[in-house]
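Containing mmCIF, C-alpha atoms: structure-v3.cif.
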```
data_model
loop_
_atom_site.label_atom_id
_atom_site.label_comp_id
_atom_site.auth_asym_id
_atom_site.auth_seq_id
_atom_site.Cartn_x
_atom_site.Cartn_y
_atom_site.Cartn_z
CA MET A 107 8.01 -4.92 -15.02
CA LEU A 108 11.53 -5.64 -13.88
CA SER A 109 12.64 -2.12 -14.82
CA TYR A 110 10.41 -0.57 -12.14
CA ARG A 111 12.08 0.84 -9.04
CA HIS A 112 9.86 2.26 -6.32
CA ALA A 113 12.77 4.37 -5.09
CA PHE A 114 11.85 6.97 -7.72
CA HIS A 115 8.40 7.39 -6.14
CA ALA A 116 8.96 6.69 -2.43
CA GLY A 117 6.92 8.87 -0.11
CA ASN A 118 4.66 10.31 -2.79
CA HIS A 119 0.90 10.87 -2.47
CA ALA A 120 0.22 7.25 -3.45
CA ASP A 121 2.40 5.98 -0.62
CA VAL A 122 0.55 8.24 1.82
CA ILE A 123 -2.87 6.65 1.26
CA LYS A 124 -1.43 3.15 0.83
CA HIS A 125 0.62 3.24 4.02
CA LEU A 126 -2.05 5.00 6.08
CA ILE A 127 -4.45 2.17 5.23
CA LEU A 128 -1.82 -0.54 5.73
CA LEU A 129 -1.12 0.69 9.25
CA GLN A 130 -4.79 0.94 10.15
CA ILE A 131 -5.52 -2.62 9.03
CA ALA A 132 -2.43 -4.11 10.70
CA GLN A 133 -3.09 -2.28 13.96
CA TYR A 134 -6.68 -3.50 13.96
CA MET A 135 -5.57 -7.11 13.41
CA GLY A 136 -3.13 -6.77 16.27
CA GLU A 137 -5.93 -5.91 18.69
CA LYS A 138 -6.96 -9.57 18.82
CA PRO A 139 -4.65 -12.06 20.57
CA ALA A 140 -4.63 -14.63 17.76
CA PRO A 141 -1.54 -14.42 15.50
CA PHE A 142 -1.74 -13.09 11.96
CA TRP A 143 0.42 -12.86 8.85
CA ILE A 144 1.10 -9.93 6.54
CA ILE A 145 1.90 -10.95 2.97
CA ASP A 146 3.34 -8.34 0.59
CA THR A 147 3.33 -9.52 -3.03
CA HIS A 148 5.42 -6.67 -4.47
CA ALA A 149 7.58 -5.63 -1.53
CA GLY A 150 10.23 -3.39 -3.10
CA ALA A 151 13.41 -2.54 -1.23
CA GLY A 152 12.00 -2.16 2.28
CA CYS A 153 13.35 1.34 3.00
CA TYR A 154 14.36 4.29 0.82
CA ALA A 155 16.95 7.04 1.14
CA LEU A 156 15.26 10.25 0.05
CA GLU A 157 18.60 11.90 -0.64
CA SER A 158 19.58 9.18 -3.11
CA ALA A 159 19.83 9.84 -6.84
CA HIS A 160 16.70 7.78 -7.42
CA ALA A 161 14.54 9.71 -4.97
CA THR A 162 15.82 13.19 -5.85
CA LYS A 163 15.39 12.69 -9.60
CA LEU A 164 11.63 13.17 -9.32
CA ALA A 165 11.47 14.26 -5.66
CA GLU A 166 7.86 13.07 -5.46
CA PHE A 167 8.14 12.76 -1.67
CA ARG A 168 8.09 16.55 -1.38
CA ASP A 169 4.45 16.63 -2.47
CA GLY A 170 3.60 13.56 -0.38
CA ILE A 171 5.06 12.89 3.05
CA GLY A 172 6.98 16.17 2.74
CA ARG A 173 3.74 18.17 2.99
CA LEU A 174 2.63 16.27 6.09
CA TRP A 175 5.99 16.30 7.86
CA ASP A 176 5.56 19.62 9.69
CA ALA A 177 1.79 19.96 9.36
CA LYS A 178 -0.11 20.86 12.51
CA GLY A 179 -3.42 19.48 13.73
CA LEU A 180 -3.35 16.24 11.78
CA PRO A 181 -6.11 13.70 12.54
CA PRO A 182 -4.89 10.88 14.82
CA ALA A 183 -4.45 8.21 12.14
CA THR A 184 -2.49 10.56 9.85
CA ALA A 185 -0.37 11.77 12.77
CA ASP A 186 0.29 8.13 13.66
CA TYR A 187 1.45 7.41 10.10
CA VAL A 188 3.82 10.39 10.18
CA ASP A 189 5.14 9.23 13.55
CA PHE A 190 6.08 5.87 12.02
CA VAL A 191 8.07 7.71 9.35
CA ARG A 192 9.74 9.75 12.10
CA MET A 193 11.00 6.52 13.64
CA LEU A 194 13.40 6.27 10.68
CA ASN A 195 14.34 9.94 11.02
CA PRO A 196 15.11 10.47 14.72
CA ASP A 197 16.97 13.74 14.09
CA GLY A 198 13.79 15.32 12.72
CA GLN A 199 15.10 15.65 9.16
CA LEU A 200 13.17 13.77 6.48
CA ARG A 201 15.89 11.64 4.88
CA GLN A 202 14.50 8.10 5.00
CA TYR A 203 11.14 6.72 3.98
CA PRO A 204 9.82 3.31 5.06
CA GLY A 205 8.35 0.96 2.49
CA SER A 206 5.39 -1.26 3.23
CA PRO A 207 7.58 -4.13 4.54
CA TRP A 208 9.27 -1.97 7.17
CA LEU A 209 5.99 -0.46 8.33
CA ALA A 210 4.39 -3.89 8.54
CA SER A 211 7.32 -5.27 10.52
CA GLN A 212 6.85 -2.64 13.23
CA LEU A 213 3.43 -4.04 14.08
CA LEU A 214 4.35 -7.71 14.34
CA ARG A 215 4.06 -9.46 17.67
CA ASP A 216 5.99 -12.59 18.64
CA GLY A 217 3.62 -15.02 16.92
CA ASP A 218 2.99 -12.92 13.80
CA ARG A 219 4.79 -13.38 10.48
CA LEU A 220 5.74 -11.22 7.50
CA ARG A 221 6.13 -12.83 4.06
CA LEU A 222 7.68 -10.69 1.34
CA TYR A 223 7.99 -11.25 -2.41
CA GLU A 224 10.05 -9.19 -4.85
CA LEU A 225 11.13 -9.89 -8.43
CA HIS A 226 13.67 -7.10 -9.05
CA SER A 227 17.15 -8.52 -8.44
CA THR A 228 18.55 -5.31 -6.96
CA ASP A 229 15.59 -4.56 -4.71
CA VAL A 230 15.36 -8.10 -3.36
CA LYS A 231 18.96 -7.86 -2.16
CA LEU A 232 18.19 -4.56 -0.44
CA LEU A 233 15.08 -6.13 1.06
CA GLU A 234 17.08 -9.04 2.42
CA GLY A 235 19.56 -6.60 3.94
CA CYS A 236 16.74 -4.66 5.58
CA PHE A 237 15.61 -7.81 7.43
CA LYS A 238 18.87 -9.72 7.85
CA SER A 239 18.44 -9.86 11.63
CA ALA A 240 14.69 -10.55 11.66
CA GLY A 241 15.02 -14.33 11.88
CA ARG A 242 12.12 -16.60 11.02
CA GLN A 243 9.54 -13.89 11.62
CA VAL A 244 10.27 -12.29 8.24
CA MET A 245 10.82 -14.33 5.09
CA VAL A 246 11.99 -12.73 1.83
CA THR A 247 11.39 -14.60 -1.42
CA ALA A 248 12.90 -13.58 -4.75
CA GLY A 249 9.99 -14.30 -7.03
CA ASP A 250 6.53 -13.53 -8.31
CA GLY A 251 4.13 -12.58 -5.54
CA PHE A 252 1.07 -13.89 -7.35
CA ALA A 253 2.70 -17.30 -7.69
CA GLY A 254 3.65 -17.03 -4.03
CA LEU A 255 0.02 -16.53 -3.02
CA LYS A 256 -0.92 -19.83 -4.63
CA ALA A 257 1.59 -21.62 -2.44
CA ILE A 258 1.08 -19.75 0.80
CA LEU A 259 -2.70 -19.35 1.07
CA PRO A 260 -4.39 -20.09 3.34
CA PRO A 261 -1.77 -19.22 5.96
CA PRO A 262 -1.53 -21.41 9.09
CA PRO A 263 -3.19 -18.96 11.51
CA ARG A 264 -6.11 -18.33 9.10
CA ARG A 265 -5.69 -14.59 9.72
CA ALA A 266 -3.81 -12.46 7.23
CA LEU A 267 -3.54 -9.16 5.42
CA VAL A 268 -2.43 -9.48 1.80
CA LEU A 269 -1.03 -6.27 0.27
CA ILE A 270 -0.91 -6.18 -3.53
CA ASP A 271 0.69 -3.22 -5.33
CA PRO A 272 2.45 -4.08 -8.59
CA SER A 273 4.01 -1.48 -10.84
CA TYR A 274 1.22 -1.49 -13.45
CA GLU A 275 3.84 -0.81 -16.09
CA THR A 276 2.25 -3.32 -18.45
CA ARG A 277 -1.35 -3.99 -19.44
CA ASP A 278 -0.98 -7.52 -18.04
CA ASP A 279 -0.58 -6.13 -14.52
CA TYR A 280 -4.23 -5.03 -14.54
CA SER A 281 -5.56 -8.41 -15.57
CA ASN A 282 -3.09 -10.17 -13.25
CA VAL A 283 -4.37 -8.39 -10.15
CA VAL A 284 -7.97 -9.34 -10.94
CA LYS A 285 -7.04 -12.94 -11.64
CA GLY A 286 -4.69 -13.10 -8.67
CA LEU A 287 -7.32 -11.76 -6.28
CA GLN A 288 -9.96 -14.10 -7.67
CA GLU A 289 -7.75 -17.14 -7.12
CA ALA A 290 -6.61 -15.96 -3.68
CA MET A 291 -10.19 -15.46 -2.49
CA LYS A 292 -11.02 -19.03 -3.47
CA ARG A 293 -8.15 -20.33 -1.35
CA PHE A 294 -8.63 -17.94 1.55
CA PRO A 295 -12.03 -16.21 1.45
CA THR A 296 -11.78 -14.74 4.96
CA GLY A 297 -8.48 -12.95 4.36
CA THR A 298 -8.17 -9.18 4.17
CA TYR A 299 -6.86 -8.04 0.78
CA ALA A 300 -5.61 -4.50 0.16
CA LEU A 301 -4.99 -3.68 -3.49
CA TRP A 302 -3.37 -0.43 -4.59
CA TYR A 303 -3.74 0.91 -8.12
CA PRO A 304 -2.77 4.12 -9.97
CA MET A 305 -5.36 6.53 -11.32
CA LEU A 306 -4.35 7.15 -14.92
CA SER A 307 -6.13 8.21 -18.08
CA LYS A 308 -5.58 4.83 -19.71
CA PRO A 309 -8.70 2.63 -19.95
CA GLU A 310 -7.14 -0.26 -18.01
CA SER A 311 -6.84 1.97 -14.96
CA ARG A 312 -10.30 3.50 -15.25
CA LYS A 313 -12.02 0.12 -15.65
CA LEU A 314 -10.18 -1.67 -12.83
CA PRO A 315 -12.42 -0.60 -9.90
CA ASP A 316 -15.54 -2.01 -11.57
CA LYS A 317 -13.73 -5.27 -12.28
CA LEU A 318 -12.71 -5.49 -8.62
CA LYS A 319 -16.29 -4.85 -7.49
CA GLY A 320 -17.36 -7.64 -9.80
CA LEU A 321 -15.22 -10.25 -8.03
CA GLY A 322 -18.12 -11.08 -5.77
CA ALA A 323 -16.72 -10.06 -2.38
CA LYS A 324 -19.53 -9.43 0.08
CA ASP A 325 -17.58 -6.81 2.03
CA TRP A 326 -15.34 -4.24 0.38
CA LEU A 327 -14.14 -0.67 0.75
CA HIS A 328 -12.88 1.51 -2.07
CA ALA A 329 -11.01 4.74 -1.33
CA THR A 330 -9.40 7.09 -3.84
CA LEU A 331 -7.19 10.15 -3.43
CA GLU A 332 -6.74 12.48 -6.40
CA VAL A 333 -4.24 15.28 -5.88
CA SER A 334 -4.97 16.99 -9.19
CA ALA A 335 -7.29 16.93 -12.16
CA PRO A 336 -6.20 14.56 -14.94
CA ALA A 337 -3.72 16.20 -17.30
CA LYS A 338 -5.22 17.35 -20.58
CA ASP A 339 -2.61 15.39 -22.50
CA GLY A 340 -3.54 12.26 -20.53
CA TYR A 341 -0.04 11.89 -19.14
CA GLY A 342 0.89 11.07 -15.55
CA MET A 343 -0.73 9.74 -12.39
CA HIS A 344 -3.18 12.19 -10.84
CA GLY A 345 -4.17 9.96 -7.95
CA SER A 346 -4.47 6.41 -6.71
CA GLY A 347 -6.93 4.06 -5.12
CA MET A 348 -7.08 1.32 -2.53
CA PHE A 349 -9.59 -1.50 -2.86
CA ILE A 350 -9.92 -3.51 0.35
CA ILE A 351 -11.76 -6.81 0.58
CA ASN A 352 -12.94 -7.80 4.09
CA PRO A 353 -11.83 -4.48 5.62
CA PRO A 354 -11.90 -3.76 9.35
CA TRP A 355 -15.23 -2.26 10.33
CA THR A 356 -13.39 0.76 11.76
CA LEU A 357 -11.57 1.68 8.53
CA GLU A 358 -14.31 3.58 6.71
CA LYS A 359 -14.90 5.95 9.62
CA THR A 360 -11.16 6.54 9.94
CA LEU A 361 -10.84 7.40 6.26
CA HIS A 362 -13.77 9.84 6.46
CA GLU A 363 -11.89 11.57 9.27
CA ASN A 364 -8.52 11.65 7.52
CA LEU A 365 -8.91 11.88 3.76
CA PRO A 366 -10.46 15.39 3.74
CA VAL A 367 -7.40 16.75 5.57
CA ILE A 368 -4.92 14.75 3.48
CA THR A 369 -6.60 15.87 0.26
CA ARG A 370 -6.38 19.51 1.28
CA LEU A 371 -2.72 19.25 2.26
CA LEU A 372 -1.62 17.28 -0.80
CA ALA A 373 -3.73 19.15 -3.38
CA GLN A 374 -1.76 20.27 -6.43
CA ASN A 375 -4.67 22.13 -8.05
CA ASP A 376 -8.43 22.63 -7.75
CA GLY A 377 -9.05 19.14 -9.13
CA ALA A 378 -7.97 17.45 -5.90
CA LYS A 379 -10.64 15.25 -4.34
CA TYR A 380 -11.26 11.99 -2.52
CA LYS A 381 -13.95 9.34 -2.63
CA ILE A 382 -14.98 6.56 -0.26
CA GLU A 383 -17.49 3.87 -1.14
CA SER A 384 -18.25 0.53 0.44
CA GLN A 385 -20.41 -2.56 0.49
CA THR A 386 -21.19 -4.66 3.53
CA SER A 387 -23.07 -7.95 3.81
#
```

If you took the structure in this file and wrote it as structure tokens, what would it be?
Amino acid sequence: MLSYRHAFHAGNHADVIKHLILLQIAQYMGEKPAPFWIIDTHAGAGCYALESAHATKLAEFRDGIGRLWDAKGLPPATADYVDFVRMLNPDGQLRQYPGSPWLASQLLRDGDRLRLYELHSTDVKLLEGCFKSAGRQVMVTAGDGFAGLKAILPPPPRRALVLIDPSYETRDDYSNVVKGLQEAMKRFPTGTYALWYPMLSKPESRKLPDKLKGLGAKDWLHATLEVSAPAKDGYGMHGSGMFIINPPWTLEKTLHENLPVITRLLAQNDGAKYKIESQTS
């Protein structure tokens, strides 16, 4: 797990759906006056230079945020997401991409807090540098985010969004997210949990959504974005999903408005598609 660097994948199609949903949830939480926390269990470096050696090696951003950058007629939520990315690129050239921590930080009010966890020694230093002037509002912890949840939940304001997106480089990551969510929900059942996962041919990936549905949450939303059909050789990530427990009531409608357009713009072949399913109490 410690070999994973998100810099290789920053701004790709998975980041598009993950960050669109992150922004929608955080903006919704900010509509109420009571303070809230955002907790990111696998925070990464905070921001990414798309002209760096890491980003240009795979250049995945070109088929992600790159396809939306100059697109016309985007639905409001997608246009809003692109506008946040433009905040890091004021000259109009796509050179920087914001990670989840940076995006989350833009939506904090005075009483809100951001708690970030990262294990990779290089990325945690970059993350600390990204928020060196943030003061007490943002706290960076070099450590395991799942262990951090045990210590931090429930948060003092009893309102929080927990973002979980590990690398899934090992089989244990799949079981860890199920176990971690199960334990977190016991400590803080009213929290909003947003879990990202890759869509791969391996059985661990294909079985994960059903395991998440089996956790017993009364209210959940599951959205997937596939940009291509699975490769015949079973190699590579053809899409990704977001499983949200206790989602905002507005989120499903927003995704129905945005995912058709995003799927069309990010499609790599005729196998591109999206899916939205939900359960409400």

Using only C-alpha atoms: which of A:Ala159, A:Met348, A:Leu194, A:Ala151 has the shortest distance to Ser227 in chain A: A:Ala151

Pick from A:Pro261, A:Pro315, A:Gly198, A:Pro204, whichever lies nearest to Leu220 in chain A using all atoms listed in the file: A:Pro261

For Pro207 in chain A, the closest of A:Val191, A:Ala155, A:Ile145, A:Ala116 counting only C-alpha atoms is A:Ile145

If we count only C-alpha atoms, what is near Thr330 in chain A at a cut-off of 8 Å, once residues fewer than 2 positions away on the same chain are taken out, given as a PyMOL selection string? chain A and resi 328+332+345-348+380-382

Restrict the calculation to only C-alpha atoms, then for each residue of range 325-383 of chain A with any atom at most 12 Å from an atom of range 120-128 of chain A give the closest atom pair and their distance in Å to one decimal, rows by chain and rising residue number, as a Markdown table.
```
| residue | atom | partner | partner_atom | distance |
| --- | --- | --- | --- | --- |
| A:Leu327 | CA | A:Ile127 | CA | 11.0 |
| A:His328 | CA | A:Ile127 | CA | 11.2 |
| A:Ala329 | CA | A:Ile123 | CA | 8.8 |
| A:Thr330 | CA | A:Ile123 | CA | 8.3 |
| A:Leu331 | CA | A:Ile123 | CA | 7.3 |
| A:Glu332 | CA | A:Ala120 | CA | 9.2 |
| A:Val333 | CA | A:Ala120 | CA | 9.5 |
| A:Met343 | CA | A:Ala120 | CA | 9.3 |
| A:His344 | CA | A:Ala120 | CA | 9.5 |
| A:Gly345 | CA | A:Ala120 | CA | 6.8 |
| A:Ser346 | CA | A:Ala120 | CA | 5.8 |
| A:Gly347 | CA | A:Ile123 | CA | 8.0 |
| A:Met348 | CA | A:Lys124 | CA | 6.8 |
| A:Phe349 | CA | A:Lys124 | CA | 10.1 |
| A:Ile350 | CA | A:Ile127 | CA | 9.3 |
| A:Pro353 | CA | A:Ile127 | CA | 9.9 |
| A:Pro354 | CA | A:Ile127 | CA | 10.4 |
| A:Thr356 | CA | A:Ile127 | CA | 11.2 |
| A:Leu357 | CA | A:Ile127 | CA | 7.9 |
| A:Glu358 | CA | A:Ile127 | CA | 10.1 |
| A:Lys359 | CA | A:Ile127 | CA | 11.9 |
| A:Thr360 | CA | A:Ile127 | CA | 9.3 |
| A:Leu361 | CA | A:Ile127 | CA | 8.3 |
| A:Asn364 | CA | A:Leu126 | CA | 9.4 |
| A:Leu365 | CA | A:Ile123 | CA | 8.4 |
| A:Pro366 | CA | A:Ile123 | CA | 11.8 |
| A:Val367 | CA | A:Ile123 | CA | 11.9 |
| A:Ile368 | CA | A:Ile123 | CA | 8.6 |
| A:Thr369 | CA | A:Ile123 | CA | 10.0 |
| A:Leu371 | CA | A:Val122 | CA | 11.5 |
| A:Leu372 | CA | A:Val122 | CA | 9.7 |
| A:Tyr380 | CA | A:Ile123 | CA | 10.6 |
```

For this file, the PyMOL selection byres ((chain A and resi 293) around 8) selects which residues, as number ranges by chain? A: 256, 259-260, 289-292, 294-295

Identify all residues satisfying the PyMOL selection byres ((chain A and resi 237) around 12) in the given file; provide them as an NGL selection string. :A and (151-153 or 207-208 or 210-212 or 220-222 or 230-236 or 238-247)

Computed gap from CA of Ile270 in chain A to CA of Asn375 in chain A is 28.9 Å

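Closest approach to Asp146 in chain A among A:Asp197, A:Glu310, A:Glu224, A:Glu166: A:Glu224, based on all atoms listed in the file.
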
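Proximity ranking of A:Phe142, A:Trp302, A:Trp175, A:Phe114 relative to Leu214 in chain A places A:Phe142 first, based on only C-alpha atoms.
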
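Atom pair CA of Ser206 in chain A / CA of Asp271 in chain A has a distance of 10.0 Å (rounded to one decimal).
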
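When only C-alpha atoms are used to measure the gap to Lys324 in chain A, the shortest distance among A:Glu363, A:His119, A:Thr386, A:Leu301 belongs to A:Thr386.
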
Any idea what's packed within 10 Å of Ala177 in chain A, counting only C-alpha atoms, ignoring anything in its chain fewer than 4 positions away? Could you give it as an mmCIF file with C-alpha atoms, keeping the file's coordinate frame?
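New file part-v1.cif:
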```cif
data_model
loop_
_atom_site.group_PDB
_atom_site.id
_atom_site.type_symbol
_atom_site.label_atom_id
_atom_site.label_comp_id
_atom_site.auth_asym_id
_atom_site.auth_seq_id
_atom_site.Cartn_x
_atom_site.Cartn_y
_atom_site.Cartn_z
ATOM 1 C CA GLY A 172 6.980 16.170 2.740
ATOM 2 C CA ARG A 173 3.740 18.170 2.990
ATOM 3 C CA ALA A 185 -0.370 11.770 12.770
ATOM 4 C CA VAL A 188 3.820 10.390 10.180
ATOM 5 C CA LEU A 371 -2.720 19.250 2.260
#
```

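Evaluated against the shown file, the PyMOL selection byres ((chain A and resi 308) around 10) gives Arg277, Met305, Leu306, Ser307, Pro309, Glu310, Ser311, Arg312, Lys313, Gly340, Tyr341 and Gly342 of chain A.
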